>>> print(open('my_file.cif').read())   # mmCIF, C-alpha atoms
data_work
loop_
_atom_site.label_atom_id
_atom_site.label_comp_id
_atom_site.auth_asym_id
_atom_site.auth_seq_id
_atom_site.Cartn_x
_atom_site.Cartn_y
_atom_site.Cartn_z
CA CYS A 1 -91.37 -194.38 -64.62
CA ASP A 2 -88.83 -192.72 -62.29
CA VAL A 3 -88.51 -193.67 -58.64
CA ILE A 4 -86.43 -191.28 -56.59
CA GLY A 5 -84.59 -192.70 -53.59
CA VAL A 6 -81.67 -191.66 -51.44
CA ASN A 7 -79.37 -189.84 -53.87
CA GLN A 8 -80.46 -191.94 -56.80
CA VAL A 9 -83.02 -192.29 -59.56
CA VAL A 10 -84.16 -195.80 -60.46
CA TYR A 11 -85.97 -196.56 -63.70
CA ALA A 12 -88.78 -199.09 -63.59
CA GLU A 13 -90.46 -200.90 -66.47
CA ASP A 14 -93.99 -200.49 -65.13
CA LEU A 15 -96.02 -199.07 -62.25
CA ASN A 16 -95.98 -202.31 -60.20
CA GLU A 17 -92.19 -202.45 -60.33
CA ALA A 18 -92.02 -198.75 -59.43
CA VAL A 19 -94.26 -199.29 -56.40
CA GLY A 20 -92.10 -202.22 -55.28
CA ILE A 21 -88.91 -200.19 -55.63
CA ALA A 22 -90.45 -197.23 -53.79
CA HIS A 23 -91.54 -199.55 -50.96
CA GLU A 24 -88.02 -201.01 -50.64
CA GLN A 25 -86.49 -197.53 -50.65
CA ASN A 26 -88.98 -196.35 -48.04
CA ILE A 27 -87.93 -199.24 -45.79
CA GLU A 28 -84.26 -198.41 -46.40
CA ASN A 29 -84.91 -194.75 -45.55
CA GLN A 30 -86.67 -195.78 -42.33
CA VAL A 31 -83.71 -197.95 -41.34
CA ILE A 32 -81.28 -195.10 -42.09
CA GLU A 33 -83.34 -192.63 -40.05
CA ASN A 34 -83.65 -195.13 -37.20
CA LEU A 35 -79.90 -195.78 -37.10
CA ALA A 36 -79.09 -192.08 -37.42
CA GLY A 37 -81.19 -191.36 -34.34
CA ARG A 38 -79.15 -193.64 -32.09
CA ALA A 39 -76.62 -191.23 -30.67
CA VAL A 40 -75.71 -191.05 -27.01
CA SER A 41 -74.59 -188.07 -24.95
CA LEU A 42 -71.03 -187.65 -23.78
CA GLY A 43 -72.49 -187.83 -20.28
CA ILE A 44 -73.84 -191.32 -20.99
CA VAL A 45 -70.48 -192.41 -22.45
CA LEU A 46 -68.67 -191.18 -19.35
CA HIS A 47 -71.24 -192.71 -17.00
CA PHE A 48 -70.78 -196.03 -18.84
CA LEU A 49 -67.00 -195.72 -18.48
CA HIS A 50 -67.47 -194.92 -14.79
CA GLU A 51 -69.43 -198.16 -14.39
CA LEU A 52 -66.74 -200.08 -16.28
CA LEU A 53 -64.03 -198.65 -14.02
CA SER A 54 -66.11 -199.46 -10.93
CA GLY A 55 -66.08 -203.13 -11.91
CA GLN A 56 -69.87 -203.20 -12.06
CA ILE A 57 -70.06 -204.63 -15.55
CA MET A 58 -66.87 -206.46 -16.52
CA ASP A 59 -63.24 -206.92 -15.57
CA PHE A 60 -62.17 -203.63 -17.17
CA ASP A 61 -58.59 -202.37 -17.27
CA PRO A 62 -58.24 -198.85 -18.70
CA HIS A 63 -54.69 -199.64 -19.82
CA THR A 64 -55.52 -202.79 -21.81
CA SER A 65 -59.29 -203.16 -22.43
CA THR A 66 -60.10 -202.73 -26.10
CA THR A 67 -63.26 -201.56 -27.80
CA ALA A 68 -63.86 -205.16 -28.89
CA SER A 69 -63.65 -206.46 -25.31
CA VAL A 70 -66.04 -203.75 -24.09
CA VAL A 71 -68.59 -204.70 -26.75
CA GLY A 72 -68.29 -208.43 -26.06
CA ASP A 73 -68.05 -208.28 -22.27
CA ALA A 74 -70.19 -205.26 -21.43
CA ILE A 75 -72.46 -203.90 -24.18
CA ILE A 76 -73.82 -207.23 -25.42
CA PRO A 77 -74.55 -208.57 -21.92
CA LEU A 78 -76.07 -205.25 -20.79
CA THR A 79 -78.48 -205.13 -23.73
CA ALA A 80 -79.24 -208.88 -23.88
CA ALA A 81 -82.57 -208.67 -22.03
CA HIS A 82 -83.81 -206.06 -24.52
CA ALA A 83 -81.95 -207.41 -27.58
CA CYS A 84 -81.48 -203.85 -28.77
CA ALA A 85 -78.78 -201.27 -29.36
CA PHE A 86 -77.21 -199.72 -26.27
CA ALA A 87 -78.36 -196.26 -27.44
CA THR A 88 -81.94 -197.51 -27.82
CA MET A 89 -81.84 -198.87 -24.27
CA VAL A 90 -80.31 -195.84 -22.55
CA ASN A 91 -82.39 -193.35 -24.55
CA GLU A 92 -85.53 -195.40 -23.79
CA GLY A 93 -86.30 -195.80 -27.48
CA LYS A 94 -86.36 -192.05 -28.15
CA PRO A 95 -84.35 -190.79 -31.13
CA CYS A 96 -81.22 -188.82 -30.35
CA ALA A 97 -79.52 -186.94 -33.18
CA PRO A 98 -75.71 -186.83 -33.15
CA ASP A 99 -73.51 -183.77 -32.92
CA ALA A 100 -70.61 -185.91 -34.18
CA MET A 101 -70.00 -189.35 -35.66
CA VAL A 102 -67.01 -191.37 -34.53
CA SER A 103 -65.26 -194.24 -36.24
CA HIS A 104 -63.18 -196.61 -34.13
CA ALA A 105 -60.67 -199.45 -34.30
CA TRP A 106 -61.69 -202.69 -32.58
CA ASP A 107 -58.21 -203.27 -31.13
CA ASN A 108 -57.80 -199.71 -29.87
CA LYS A 109 -57.96 -199.11 -26.15
CA PHE A 110 -61.53 -198.13 -25.25
CA VAL A 111 -60.27 -195.30 -23.02
CA HIS A 112 -58.34 -193.78 -25.94
CA MET A 113 -61.50 -193.64 -28.03
CA VAL A 114 -63.40 -191.97 -25.18
CA ALA A 115 -60.54 -189.50 -24.72
CA ALA A 116 -60.69 -188.64 -28.44
CA ILE A 117 -64.43 -187.96 -28.18
CA ILE A 118 -63.87 -185.66 -25.20
CA ALA A 119 -61.03 -183.87 -26.98
CA HIS A 120 -63.24 -183.30 -30.02
CA PHE A 121 -66.05 -181.73 -28.02
CA ALA A 122 -63.62 -179.75 -25.83
CA GLY A 123 -61.97 -178.33 -28.96
CA ASP A 124 -58.61 -179.91 -28.13
CA ARG A 125 -56.55 -181.25 -31.04
CA TYR A 126 -54.97 -183.98 -28.88
CA TYR A 127 -56.68 -186.69 -26.90
CA PHE A 128 -53.75 -187.95 -24.84
CA ALA A 129 -54.14 -185.27 -22.15
CA PHE A 130 -57.52 -186.78 -21.26
CA VAL A 131 -56.32 -190.39 -20.95
CA PRO A 132 -55.03 -190.11 -17.34
CA ARG A 133 -58.34 -188.51 -16.35
CA LEU A 134 -60.08 -191.70 -17.50
CA SER A 135 -58.03 -194.11 -15.41
CA SER A 136 -60.31 -194.39 -12.37
CA ALA A 137 -63.98 -193.99 -11.50
CA ARG A 138 -63.10 -191.09 -9.19
CA ASN A 139 -61.18 -189.32 -11.98
CA VAL A 140 -64.08 -189.78 -14.40
CA ARG A 141 -66.53 -188.30 -11.87
CA GLN A 142 -64.25 -185.28 -11.45
CA LEU A 143 -63.83 -184.93 -15.21
CA MET A 144 -67.61 -184.94 -15.67
CA TYR A 145 -67.87 -182.14 -13.13
CA ASP A 146 -65.06 -180.20 -14.83
CA LEU A 147 -66.53 -180.58 -18.32
CA GLY A 148 -69.89 -179.18 -17.22
CA PRO A 149 -73.41 -179.77 -18.50
CA ALA A 150 -73.00 -178.17 -21.93
CA LEU A 151 -70.27 -180.60 -23.00
CA LEU A 152 -71.92 -183.59 -21.32
CA GLU A 153 -75.04 -182.96 -23.41
CA LYS A 154 -73.10 -183.18 -26.70
CA THR A 155 -74.10 -186.31 -28.60
CA VAL A 156 -72.04 -188.81 -30.52
CA TRP A 157 -72.99 -191.60 -32.93
CA LEU A 158 -70.71 -194.56 -32.51
CA CYS A 159 -71.56 -197.94 -34.01
CA ILE A 160 -70.81 -199.85 -30.81
CA PHE A 161 -73.68 -197.95 -29.18
CA GLY A 162 -75.93 -197.31 -32.22
CA VAL A 163 -75.98 -200.73 -33.86
CA ASN A 164 -77.93 -203.58 -32.32
CA GLN A 165 -75.02 -205.90 -31.52
CA HIS A 166 -77.43 -208.84 -31.19
CA ILE A 167 -78.24 -208.64 -34.90
CA SER A 168 -74.93 -207.50 -36.39
CA ILE A 169 -71.54 -206.62 -35.04
CA CYS A 170 -70.65 -203.43 -36.93
#
>>> encode(input="my_file.cif", output="structure tokens")
Amino acid sequence: CDVIGVNQVVYAEDLNEAVGIAHEQNIENQVIENLAGRAVSLGIVLHFLHELLSGQIMDFDPHTSTTASVVGDAIIPLTAAHACAFATMVNEGKPCAPDAMVSHAWDNKFVHMVAAIIAHFAGDRYYFAFVPRLSSARNVRQLMYDLGPALLEKTVWLCIFGVNQHISIC
């Protein structure tokens, strides 16, 4: 009896085993689809950065704050009441498919990661030109205006936003 799952074929000894395997794979597929639908828009990322720079969430320094510190000091506290992923909270539980997926380094400066995302969507090969524009809340507001609605609507999947940090740090 063949059971077809995500890019694999599993052989079962009998029908009961096949049903069990299919059920497990169905659950895995649901988890994958759920996670894949947890993107956030560039506008949300920049609004979040604006709040960080405004001091509304944590003691954020654009020159030294790392991705790890933003997760520990901002994302986890912000989502604690809901015990959910940041993307789930800001998207009000609605799925949001990504235009891009980003990998990050925990010790990297958070602003550098955001600059790289902007550069990607703006079609710029280099992120460093965007870093100074992410140094203050006022600069971020101006950058959002300059980027325009089309770029702000682009969506990105990033584990710090897509994974429920209350269950597992990615």
>>> atom_distance(input="my_file.cif", atom1="atom CA of His63 of chain A", atom2="atom CA of His120 of chain A")
21.1 Å
>>> resolve_selection(input="my_file.cif", expression="the PyMOL selection byres ((chain A and resi 160) around 12)", output="VMD selection string")
chain A and resid 35 38 to 40 45 67 to 72 74 to 76 79 84 to 88 101 to 106 110 113 156 to 159 161 to 166 168 to 170
>>> residues_around(input="my_file.cif", residues="segment 52-58 of chain A", least_positions_apart="5", cutoff="10 Å", atoms="all atoms listed in the file", output="list in words")
Leu46, His47, Ser69, Val70, Gly72, Asp73, Ala74, Ile75, Pro77, Leu78, Leu134, Ser135, Ser136, Ala137, Arg138, Asn139 and Val140 of chain A
>>> closest_residue(input="my_file.cif", among="A:Glu92, A:Glu153, A:Asp146, A:Asp107", to="Phe121 of chain A", atoms="all atoms listed in the file")
A:Glu153
>>> axis_aligned_box(input="my_file.cif", around="segment 58-70 of chain A", padding_each_side="8 Å", output="AutoDock Vina command-line options")
--center_x -60.8 --center_y -202.9 --center_z -22.2 --size_x 28.2 --size_y 24.1 --size_z 29.3
>>> atom_distance(input="my_file.cif", atom1="atom CA of Tyr127 of chain A", atom2="atom CA of Lys109 of chain A")
12.5 Å
>>> residues_around(input="my_file.cif", residues="Ala119 of chain A", least_positions_apart="4", cutoff="12 Å", atoms="only C-alpha atoms", output="PyMOL selection string")
chain A and resi 42+112-115+123-131+133+147+151
>>> closest_residue(input="my_file.cif", among="A:Ile117, A:Ser41, A:Pro149, A:Ile167", to="Pro95 of chain A", atoms="only C-alpha atoms")
A:Ser41
>>> atom_distance(input="my_file.cif", atom1="atom CA of Ala97 of chain A", atom2="atom CA of Ile32 of chain A")
12.2 Å
>>> closest_residue(input="my_file.cif", among="A:Val111, A:Val90, A:Ile118, A:Ala150", to="His50 of chain A", atoms="all atoms listed in the file")
A:Val111
>>> closest_residue(input="my_file.cif", among="A:Gly148, A:Ala80, A:Arg141, A:Glu33", to="Glu51 of chain A", atoms="all atoms listed in the file")
A:Arg141
>>> closest_residue(input="my_file.cif", among="A:Ala116, A:Ala36, A:Pro132, A:Ala81", to="Pro62 of chain A", atoms="all atoms listed in the file")
A:Pro132
>>> resolve_selection(input="my_file.cif", expression="the PyMOL selection byres ((chain A and resi 99) around 6)", output="list in words")
Pro98, Ala100, Thr155 and Val156 of chain A
